[in-house]
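In what follows, a structure is listed as structure tokens, so that the remarks can point back to it.
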Amino acid sequence: MVEELGCRIAAGELAEGQTIELPQLETELDVSRTVLREALRVLKEKGLIDARQKRGTYVQPRARWRLLDPDVIRWQFQGREDRQFLNDLAEVRTIIEPASARLAALRRTEDDLAAMTRALAAMSVAARGDADPVEADLAFHRALLAATHNELLVRMEVVLQAGLAARDRLVHGVVQDDDPTPAHAAVLDAIGDGDPDAAAAATAALLAKSISDLDRIRSDT
């Protein structure tokens, strides 16, 4: 129920300010009032809905949504491309990831390098069609953030994970013969060498390629 209603709200099927008619949903979705109320409680915690006396339960303006919630991010991409969000994500990554790579080059441990190396190997396997390219990409970026040893940057995984997954599914489904391994390997090499400037530059180049891939998709659609 949470998934169903969350997707409807994110897609605009239940518009901002619209009152949610509980009896109608009970009948349509064949669920009890208890189940429906529990689902609405979860959606309220995520900022998507609220309830007021005399007004009932209604959809909140987007400005009230918890946009960094992984479910809310995922719902926005369910079956469609949220272009503005992808643009916002690209800007956030451009701010965070080169700086994170710089810190990782200064702070990484052998365990950190091993985690990134494993992710890179999985990426190479995925490029041959023998593994999930999305999960391999996510594993690399999670390991990079972990290598900063900054708890707040590590928490940015929540934002990047859902957004990257949606972006990667778009790119890997359209951009053919594209092996991301070398660009990621350049980042890992610089971090392994302990060269913060080179790590930041390699990451910036990787992000520029990511933006270019999205532009290619958009120009073909």
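A note on labels: chains of the structure tokens are A, B, ... as shown, every chain counts residues from 1, and ligands are counted from 1 in their shown order.
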
Task: In range 95-132 of chain A, DSSP alpha helix (DSSP H) residues written as a ChimeraX atom specification - done: /A:95-107,110-127

Output file for the residues above (N, CA and C atoms, as a CSV table (one decimal), in the first residue's frame):
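Below you can see out30.csv, which holds the result:
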chain,number,residue,atom,x,y,z
A,95,ILE,N,29.4,18.6,-6.6
A,95,ILE,CA,29.9,19.3,-5.4
A,95,ILE,C,30.5,18.3,-4.4
A,96,ILE,N,29.9,17.1,-4.2
A,96,ILE,CA,30.3,16.2,-3.2
A,96,ILE,C,31.4,15.2,-3.6
A,97,GLU,N,31.3,14.6,-4.7
A,97,GLU,CA,32.2,13.5,-5.0
A,97,GLU,C,33.7,13.9,-5.3
A,98,PRO,N,34.0,15.0,-6.0
A,98,PRO,CA,35.4,15.3,-6.1
A,98,PRO,C,36.0,15.6,-4.8
A,99,ALA,N,35.3,16.3,-3.9
A,99,ALA,CA,35.8,16.6,-2.6
A,99,ALA,C,36.0,15.3,-1.8
A,100,SER,N,35.0,14.4,-1.9
A,100,SER,CA,35.1,13.1,-1.2
A,100,SER,C,36.3,12.3,-1.7
A,101,ALA,N,36.6,12.3,-3.0
A,101,ALA,CA,37.7,11.6,-3.6
A,101,ALA,C,39.0,12.3,-3.0
A,102,ARG,N,39.0,13.6,-2.9
A,102,ARG,CA,40.2,14.3,-2.3
A,102,ARG,C,40.5,13.8,-0.9
A,103,LEU,N,39.4,13.7,-0.1
A,103,LEU,CA,39.6,13.2,1.3
A,103,LEU,C,40.0,11.8,1.3
A,104,ALA,N,39.4,11.0,0.4
A,104,ALA,CA,39.7,9.5,0.4
A,104,ALA,C,41.2,9.3,0.1
A,105,ALA,N,41.7,10.1,-0.8
A,105,ALA,CA,43.2,10.0,-1.2
A,105,ALA,C,44.1,10.2,0.0
A,106,LEU,N,43.6,11.0,1.0
A,106,LEU,CA,44.4,11.4,2.1
A,106,LEU,C,44.1,10.4,3.3
A,107,ARG,N,43.0,9.8,3.3
A,107,ARG,CA,42.6,9.0,4.5
A,107,ARG,C,42.4,7.5,4.3
A,110,GLU,N,43.9,0.3,3.7
A,110,GLU,CA,44.0,-0.8,2.8
A,110,GLU,C,42.7,-1.5,2.6
A,111,ASP,N,41.9,-1.5,3.7
A,111,ASP,CA,40.5,-2.1,3.5
A,111,ASP,C,39.7,-1.3,2.6
A,112,ASP,N,39.8,0.0,2.6
A,112,ASP,CA,39.1,0.9,1.7
A,112,ASP,C,39.5,0.6,0.3
A,113,LEU,N,40.8,0.5,0.0
A,113,LEU,CA,41.2,0.2,-1.3
A,113,LEU,C,40.8,-1.1,-1.8
A,114,ALA,N,40.7,-2.1,-0.9
A,114,ALA,CA,40.3,-3.4,-1.3
A,114,ALA,C,38.8,-3.4,-1.7
A,115,ALA,N,38.0,-2.6,-0.9
A,115,ALA,CA,36.6,-2.6,-1.2
A,115,ALA,C,36.4,-1.9,-2.6
A,116,MET,N,37.1,-0.9,-2.9
A,116,MET,CA,37.0,-0.2,-4.2
A,116,MET,C,37.5,-1.1,-5.3
A,117,THR,N,38.5,-1.9,-5.0
A,117,THR,CA,39.1,-2.8,-6.0
A,117,THR,C,38.1,-3.9,-6.4
A,118,ARG,N,37.4,-4.4,-5.3
A,118,ARG,CA,36.4,-5.4,-5.6
A,118,ARG,C,35.2,-4.9,-6.4
A,119,ALA,N,34.8,-3.7,-6.1
A,119,ALA,CA,33.7,-3.0,-6.9
A,119,ALA,C,34.2,-2.8,-8.3
A,120,LEU,N,35.4,-2.4,-8.5
A,120,LEU,CA,35.9,-2.2,-9.9
A,120,LEU,C,35.9,-3.5,-10.6
A,121,ALA,N,36.3,-4.6,-10.0
A,121,ALA,CA,36.3,-5.9,-10.6
A,121,ALA,C,34.9,-6.3,-11.0
A,122,ALA,N,34.0,-6.1,-10.1
A,122,ALA,CA,32.6,-6.4,-10.4
A,122,ALA,C,32.1,-5.5,-11.6
A,123,MET,N,32.5,-4.3,-11.7
A,123,MET,CA,32.1,-3.4,-12.8
A,123,MET,C,32.7,-4.0,-14.1
A,124,SER,N,33.9,-4.5,-14.1
A,124,SER,CA,34.5,-5.0,-15.3
A,124,SER,C,33.7,-6.3,-15.8
A,125,VAL,N,33.3,-7.1,-14.8
A,125,VAL,CA,32.5,-8.3,-15.1
A,125,VAL,C,31.1,-7.9,-15.7
A,126,ALA,N,30.5,-6.8,-15.1
A,126,ALA,CA,29.2,-6.3,-15.5
A,126,ALA,C,29.3,-5.8,-16.9
A,127,ALA,N,30.4,-5.2,-17.3
A,127,ALA,CA,30.6,-4.6,-18.6
A,127,ALA,C,30.5,-5.7,-19.7

- [ ] Among the residues of range 9-216 of chain A, find those DSSP assigns to strand (DSSP E) from the backbone and print them as a ChimeraX atom specification.
- [x] /A:49-52,56-59

Could those residues be written to a file, using C-alpha atoms, as a compact mmCIF listing (two decimals), in the first residue's frame?
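Result went into part.txt, see below:
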# COMPACT_ATOMS: atom_id res chain seq x y z
CA ILE A 49 0.57 13.68 3.08
CA ASP A 50 -0.98 15.31 6.11
CA ALA A 51 -4.38 15.34 7.81
CA ARG A 52 -6.50 18.12 9.29
CA GLY A 56 -9.30 15.11 6.01
CA THR A 57 -6.17 13.50 4.56
CA TYR A 58 -4.55 15.36 1.67
CA VAL A 59 -1.40 15.40 -0.45

TODO: Identify which of the residues A:Met1, A:Ile20, A:Leu48, A:Leu214 lies closest to Trp65 in chain A, counting only C-alpha atoms when measuring atom-to-atom distances.
DONE: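 Answer, going by the shortest atom-to-atom distance: A:Leu48.
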
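Residues in contact range of range 35-38 of chain A, defined as at most 9 Å between only C-alpha atoms, with sequence neighbours fewer than 6 positions away removed, read Met1, Val2, Leu22, Leu25 and Glu26 of chain A.
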
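When only C-alpha atoms are used to measure the gap to Leu164 in chain A, the shortest distance among A:Arg93, A:Lys44, A:Arg55, A:His184 belongs to A:Arg93.
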
Task: Nearby residues (only C-alpha atoms) at most 12 Å from Lys209 in chain A, same-chain spacing under 3 positions excluded, as a list in words - done: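 The residues that qualify are Ala90, Thr94, Val171, Val175, Asp178, Asp179, Pro180, Pro182, Ala183, His184, Ala202, Thr203, Ala204, Ala205, Leu206, Ser212, Asp213, Leu214, Asp215 and Arg216 of chain A.
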
Task: Test item: residues at most 8 Å from range 7-18 of chain A, only C-alpha atoms, excluding those fewer than 5 positions along its chain, as a PyMOL selection string - done: chain A and resi 48+58-62+72+75-76+78

Task: Coordinates-based distance that separates CA of Leu89 in chain A from CA of Val159 in chain A (Å, one decimal) - done: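 If I compute the distance from CA of Val159 in chain A to CA of Leu89 in chain A, I get 8.4 Å.
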
TODO: Could you check which of A:Phe140, A:Arg155, A:Arg108, A:Lys46 is closest to Pro196 in chain A, using only C-alpha atoms?
DONE: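 Answer, going by the shortest atom-to-atom distance: A:Arg108.
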
TODO: Counting only C-alpha atoms, figure out which residue out of A:Lys54, A:Arg64, A:Leu5, A:Gly129 gets nearest to Arg41 in chain A.
DONE: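 Comparing A:Lys54, A:Arg64, A:Leu5, A:Gly129 against Arg41 in chain A, the winner is A:Leu5.
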
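Reported to one decimal place, the separation of CA of Leu144 in chain A from CA of Asp193 in chain A is 14.3 Å.
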